file protein_33.tsv (TSV, C-alpha atoms)
chain	number	residue	atom	x	y	z
H	39	MET	CA	-30.74	81.34	-79.86
H	40	ARG	CA	-30.67	77.53	-79.67
H	41	LEU	CA	-31.34	76.24	-76.15
H	42	TYR	CA	-31.36	72.83	-74.54
H	43	GLY	CA	-31.71	71.98	-70.89
H	44	VAL	CA	-30.44	69.33	-68.52
H	45	VAL	CA	-32.77	68.68	-65.61
H	46	GLY	CA	-33.08	66.15	-62.82
H	47	TRP	CA	-33.32	65.86	-59.08
H	48	LYS	CA	-30.39	66.40	-56.71
H	49	ASN	CA	-27.49	63.96	-57.25
H	50	ALA	CA	-28.94	62.74	-60.56
H	51	GLY	CA	-25.77	63.60	-62.48
H	52	LYS	CA	-26.83	66.91	-64.07
H	53	THR	CA	-23.59	68.80	-63.53
H	54	GLY	CA	-21.38	65.93	-64.69
H	55	LEU	CA	-23.51	65.51	-67.81
H	56	MET	CA	-23.40	69.26	-68.47
H	57	GLU	CA	-19.61	69.32	-68.11
H	58	ARG	CA	-19.19	66.37	-70.50
H	59	LEU	CA	-21.67	67.85	-73.01
H	60	VAL	CA	-19.85	71.19	-73.07
H	61	ALA	CA	-16.53	69.42	-73.70
H	62	GLU	CA	-18.04	67.14	-76.37
H	63	ILE	CA	-19.91	69.87	-78.25
H	64	THR	CA	-17.13	72.47	-78.11
H	65	GLY	CA	-14.76	69.70	-79.23
H	66	ARG	CA	-16.85	69.54	-82.41
H	67	GLY	CA	-16.08	73.19	-83.08
H	68	LEU	CA	-19.32	74.73	-81.81
H	69	ARG	CA	-19.52	77.63	-79.36
H	70	VAL	CA	-21.45	76.84	-76.17
H	71	SER	CA	-22.53	78.94	-73.21
H	72	THR	CA	-24.21	77.65	-70.07
H	73	VAL	CA	-26.77	78.90	-67.60
H	74	LYS	CA	-27.00	77.25	-64.16
H	75	HIS	CA	-29.91	77.82	-61.81
H	76	ALA	CA	-29.19	77.69	-58.09
H	77	HIS	CA	-32.04	77.27	-55.60
H	78	HIS	CA	-29.96	78.61	-52.75
H	79	THR	CA	-27.99	81.71	-51.96
H	80	PHE	CA	-24.59	81.54	-53.59
H	81	ASP	CA	-21.60	83.81	-53.83
H	82	VAL	CA	-18.83	83.86	-56.42
H	83	ASP	CA	-17.05	86.66	-54.63
H	84	HIS	CA	-14.87	86.49	-51.53
H	85	PRO	CA	-15.12	88.66	-48.40
H	86	GLY	CA	-12.31	91.17	-48.20
H	87	LYS	CA	-11.73	91.34	-51.97
H	88	ASP	CA	-12.31	94.73	-53.61
H	89	SER	CA	-15.28	93.56	-55.69
H	90	HIS	CA	-16.96	92.06	-52.62
H	91	ARG	CA	-16.41	95.30	-50.72
H	92	HIS	CA	-18.06	97.22	-53.59
H	93	ARG	CA	-21.15	94.96	-53.47
H	94	VAL	CA	-21.43	95.13	-49.68
H	95	ALA	CA	-21.17	98.92	-49.89
H	96	GLY	CA	-24.31	98.91	-52.04
H	97	ALA	CA	-23.29	98.71	-55.71
H	98	THR	CA	-26.03	97.24	-57.89
H	99	GLU	CA	-23.55	95.81	-60.38
H	100	VAL	CA	-19.85	95.11	-60.08
H	101	LEU	CA	-17.88	94.22	-63.17
H	102	LEU	CA	-14.56	92.55	-62.42
H	103	ALA	CA	-12.23	92.45	-65.41
H	104	SER	CA	-8.76	91.20	-66.23
H	105	ARG	CA	-6.81	90.32	-69.32
H	106	SER	CA	-8.21	86.75	-69.16
H	107	ARG	CA	-11.91	87.20	-68.30
H	108	PHE	CA	-14.59	89.41	-66.88
H	109	ALA	CA	-17.43	88.68	-64.50
H	110	LEU	CA	-20.50	90.81	-63.96
H	111	MET	CA	-22.22	90.45	-60.60
H	112	HIS	CA	-25.67	91.96	-60.20
H	113	GLU	CA	-27.21	92.29	-56.76
H	114	LEU	CA	-30.97	91.79	-56.86
H	115	ARG	CA	-31.49	93.34	-53.44
H	116	ASP	CA	-35.32	93.59	-53.33
H	117	GLU	CA	-35.88	92.78	-57.02
H	118	ASP	CA	-37.62	89.61	-58.18
H	119	GLU	CA	-35.47	86.78	-59.49
H	120	PRO	CA	-34.89	87.42	-63.22
H	121	THR	CA	-36.58	85.12	-65.70
H	122	LEU	CA	-34.57	82.75	-67.85
H	123	GLU	CA	-35.55	84.86	-70.86
H	124	HIS	CA	-34.11	87.99	-69.22
H	125	LEU	CA	-30.84	86.21	-68.41
H	126	LEU	CA	-30.51	84.73	-71.90
H	127	ALA	CA	-30.81	88.22	-73.39
H	128	ARG	CA	-27.60	89.17	-71.55
H	129	LEU	CA	-25.53	86.41	-73.17
H	130	SER	CA	-23.31	86.92	-76.19
H	131	PRO	CA	-24.37	84.98	-79.30
H	132	VAL	CA	-23.21	81.35	-79.45
H	133	ASP	CA	-24.26	78.20	-81.31
H	134	LEU	CA	-25.94	76.60	-78.29
H	135	VAL	CA	-26.86	77.51	-74.73
H	136	LEU	CA	-27.06	74.56	-72.34
H	137	ILE	CA	-29.22	75.23	-69.31
H	138	GLU	CA	-28.87	73.32	-66.04
H	139	GLY	CA	-32.04	73.54	-64.01
H	140	TYR	CA	-35.04	75.70	-64.87
H	141	LYS	CA	-37.05	72.48	-65.13
H	142	ARG	CA	-40.39	74.32	-65.20
H	143	ASP	CA	-39.46	76.47	-68.21
H	144	ALA	CA	-40.67	75.53	-71.70
H	145	HIS	CA	-37.37	74.84	-73.51
H	146	PRO	CA	-36.54	71.24	-74.55
H	147	LYS	CA	-34.63	69.17	-72.02
H	148	VAL	CA	-32.88	65.90	-71.34
H	149	GLU	CA	-33.38	64.45	-67.87
H	150	ALA	CA	-30.40	63.07	-65.94
H	151	HIS	CA	-31.49	60.12	-63.77
H	152	ARG	CA	-29.68	57.91	-61.27
H	153	ALA	CA	-31.73	55.07	-59.85
H	154	GLU	CA	-29.86	55.06	-56.52
H	155	THR	CA	-31.34	58.45	-55.58
H	156	GLY	CA	-34.82	56.91	-55.42
H	157	ASN	CA	-36.35	59.99	-57.03
H	158	PRO	CA	-39.19	59.64	-59.53
H	159	LEU	CA	-38.66	60.54	-63.16
H	160	ILE	CA	-39.71	64.00	-64.29
H	161	ALA	CA	-40.20	62.90	-67.91
H	162	PRO	CA	-43.55	61.06	-67.67
H	163	ASP	CA	-45.34	64.24	-66.58
H	164	ASP	CA	-43.34	66.74	-68.65
H	165	PRO	CA	-43.48	66.81	-72.45
H	166	THR	CA	-40.56	69.28	-72.58
H	167	VAL	CA	-38.29	66.43	-71.39
H	168	ARG	CA	-37.46	64.98	-74.81
H	169	ALA	CA	-35.08	62.22	-73.61
H	170	VAL	CA	-33.63	60.67	-70.46
H	171	ALA	CA	-29.99	59.88	-69.69
H	172	SER	CA	-30.07	57.14	-67.05
H	173	ASP	CA	-27.74	54.76	-65.26
H	174	VAL	CA	-30.33	51.97	-65.60
H	175	PRO	CA	-32.46	50.83	-68.56
H	176	LEU	CA	-35.91	52.45	-68.64
H	177	ASP	CA	-39.05	51.75	-70.65
H	178	LEU	CA	-40.33	55.18	-71.75
H	179	ASP	CA	-42.15	56.78	-74.65
H	180	ARG	CA	-39.02	58.79	-75.58
H	181	PRO	CA	-35.34	58.04	-76.11
H	182	VAL	CA	-33.32	56.72	-73.18
H	183	PHE	CA	-29.53	57.02	-73.27
H	184	ASP	CA	-26.86	55.65	-70.98
H	185	LEU	CA	-25.99	58.49	-68.58
H	186	ASN	CA	-22.32	58.09	-69.49
H	187	ASP	CA	-22.82	57.97	-73.28
H	188	THR	CA	-22.09	61.66	-73.75
H	189	ARG	CA	-21.58	61.34	-77.51
H	190	ALA	CA	-25.06	59.87	-78.02
H	191	VAL	CA	-26.70	62.51	-75.81
H	192	ALA	CA	-24.80	65.27	-77.65
H	193	ASP	CA	-25.80	63.81	-81.04
H	194	PHE	CA	-29.45	63.81	-79.92
H	195	ILE	CA	-29.36	67.40	-78.63
H	196	LEU	CA	-27.59	68.73	-81.72
H	197	ALA	CA	-30.07	66.97	-84.01
H	198	GLU	CA	-32.95	68.39	-81.97
H	199	VAL	CA	-31.69	71.97	-82.33
H	200	GLY	CA	-30.61	71.60	-85.95
H	201	LEU	CA	-26.84	71.78	-85.51
call {"tool": "encode", "arguments": {"input": "protein_33.tsv", "output": "structure tokens"}}
result
Amino acid sequence: MRLYGVVGWKNAGKTGLMERLVAEITGRGLRVSTVKHAHHTFDVDHPGKDSHRHRVAGATEVLLASRSRFALMHELRDEDEPTLEHLLARLSPVDLVLIEGYKRDAHPKVEAHRAETGNPLIAPDDPTVRAVASDVPLDLDRPVFDLNDTRAVADFILAEVGL
């Protein structure tokens, strides 16, 4: 499976870049899936709904299905957080999986960077960060793209993964 990550600190523009990359790459006729890591507790279900009631009652997994989509929710309860590798194994085959977060994993990545956040770059200390998409010019030992030049970032990623 071909993987590429988008990493960066909070408010660096990761999600916007991911959204634009998915639209750009799928617009070229390729199939893309995404994985998003959340550092906090999150819920995609709503209290009072049947699926939520099933989870609260103790179900380990709840699969919610309709004619348009399905969603599988898995409660970890006292289990360890699954590894990225474990989660990727659950995905259906596609041309490319874009991963938001998981900055400490070994897959290749592009770093989203906004100068106004005041956060340091991840790239100088991480060889898995193969390029940076920034809102300001940077002098680095790897490619630097304009954060809003989605086409150029997509071209780079697709060349990197051989698509």
call {"tool": "atom_distance", "arguments": {"input": "protein_33.tsv", "atom1": "atom CA of Leu101 of chain H", "atom2": "atom CA of Tyr42 of chain H"}}
result
27.7 Å
call {"tool": "closest_residue", "arguments": {"input": "protein_33.tsv", "among": "H:Thr188, H:Thr98, H:Ser130, H:Ser89", "to": "Val70 of chain H", "atoms": "all atoms listed in the file"}}
result
H:Ser130
call {"tool": "atom_distance", "arguments": {"input": "protein_33.tsv", "atom1": "atom CA of Leu114 of chain H", "atom2": "atom CA of Ser71 of chain H"}}
result
22.4 Å
call {"tool": "closest_residue", "arguments": {"input": "protein_33.tsv", "among": "H:Ile195, H:Val100, H:Ala127, H:Leu178", "to": "Asp163 of chain H", "atoms": "only C-alpha atoms"}}
result
H:Leu178
call {"tool": "atom_distance", "arguments": {"input": "protein_33.tsv", "atom1": "atom CA of Asp184 of chain H", "atom2": "atom CA of Leu159 of chain H"}}
result
15.0 Å
call {"tool": "residues_around", "arguments": {"input": "protein_33.tsv", "residues": "Leu185 of chain H", "least_positions_apart": "3", "cutoff": "7 Å", "atoms": "only C-alpha atoms", "output": "ChimeraX atom specification"}}
result
/H:150,171-173
call {"tool": "residues_near_point", "arguments": {"input": "protein_33.tsv", "point": "(-34.1, 65.2, -81.4)", "cutoff": "12 Å", "atoms": "only C-alpha atoms", "output": "ChimeraX atom specification"}}
result
/H:42,146-148,166-170,180-182,190-201
call {"tool": "residues_around", "arguments": {"input": "protein_33.tsv", "residues": "segment 90-94 of chain H", "least_positions_apart": "6", "cutoff": "10 Å", "atoms": "all atoms listed in the file", "output": "list in words"}}
result
Asp81, Val82, Asp83, His84, Val100, Met111, His112 and Glu113 of chain H
call {"tool": "closest_residue", "arguments": {"input": "protein_33.tsv", "among": "H:His124, H:Pro162, H:Thr53, H:Arg189", "to": "Leu176 of chain H", "atoms": "only C-alpha atoms"}}
result
H:Pro162
call {"tool": "residues_near_point", "arguments": {"input": "protein_33.tsv", "point": "(-32.8, 56.0, -54.8)", "cutoff": "12 Å", "atoms": "only C-alpha atoms", "output": "list in words"}}
result
Trp47, Lys48, Asn49, Ala50, His151, Arg152, Ala153, Glu154, Thr155, Gly156, Asn157, Pro158, Leu159, Asp173 and Val174 of chain H
call {"tool": "closest_residue", "arguments": {"input": "protein_33.tsv", "among": "H:Glu62, H:Pro175, H:Asp187, H:Asp164", "to": "Val45 of chain H", "atoms": "all atoms listed in the file"}}
result
H:Asp164
call {"tool": "closest_residue", "arguments": {"input": "protein_33.tsv", "among": "H:Ala76, H:Val132, H:Ile160, H:Ala144", "to": "Thr64 of chain H", "atoms": "only C-alpha atoms"}}
result
H:Val132
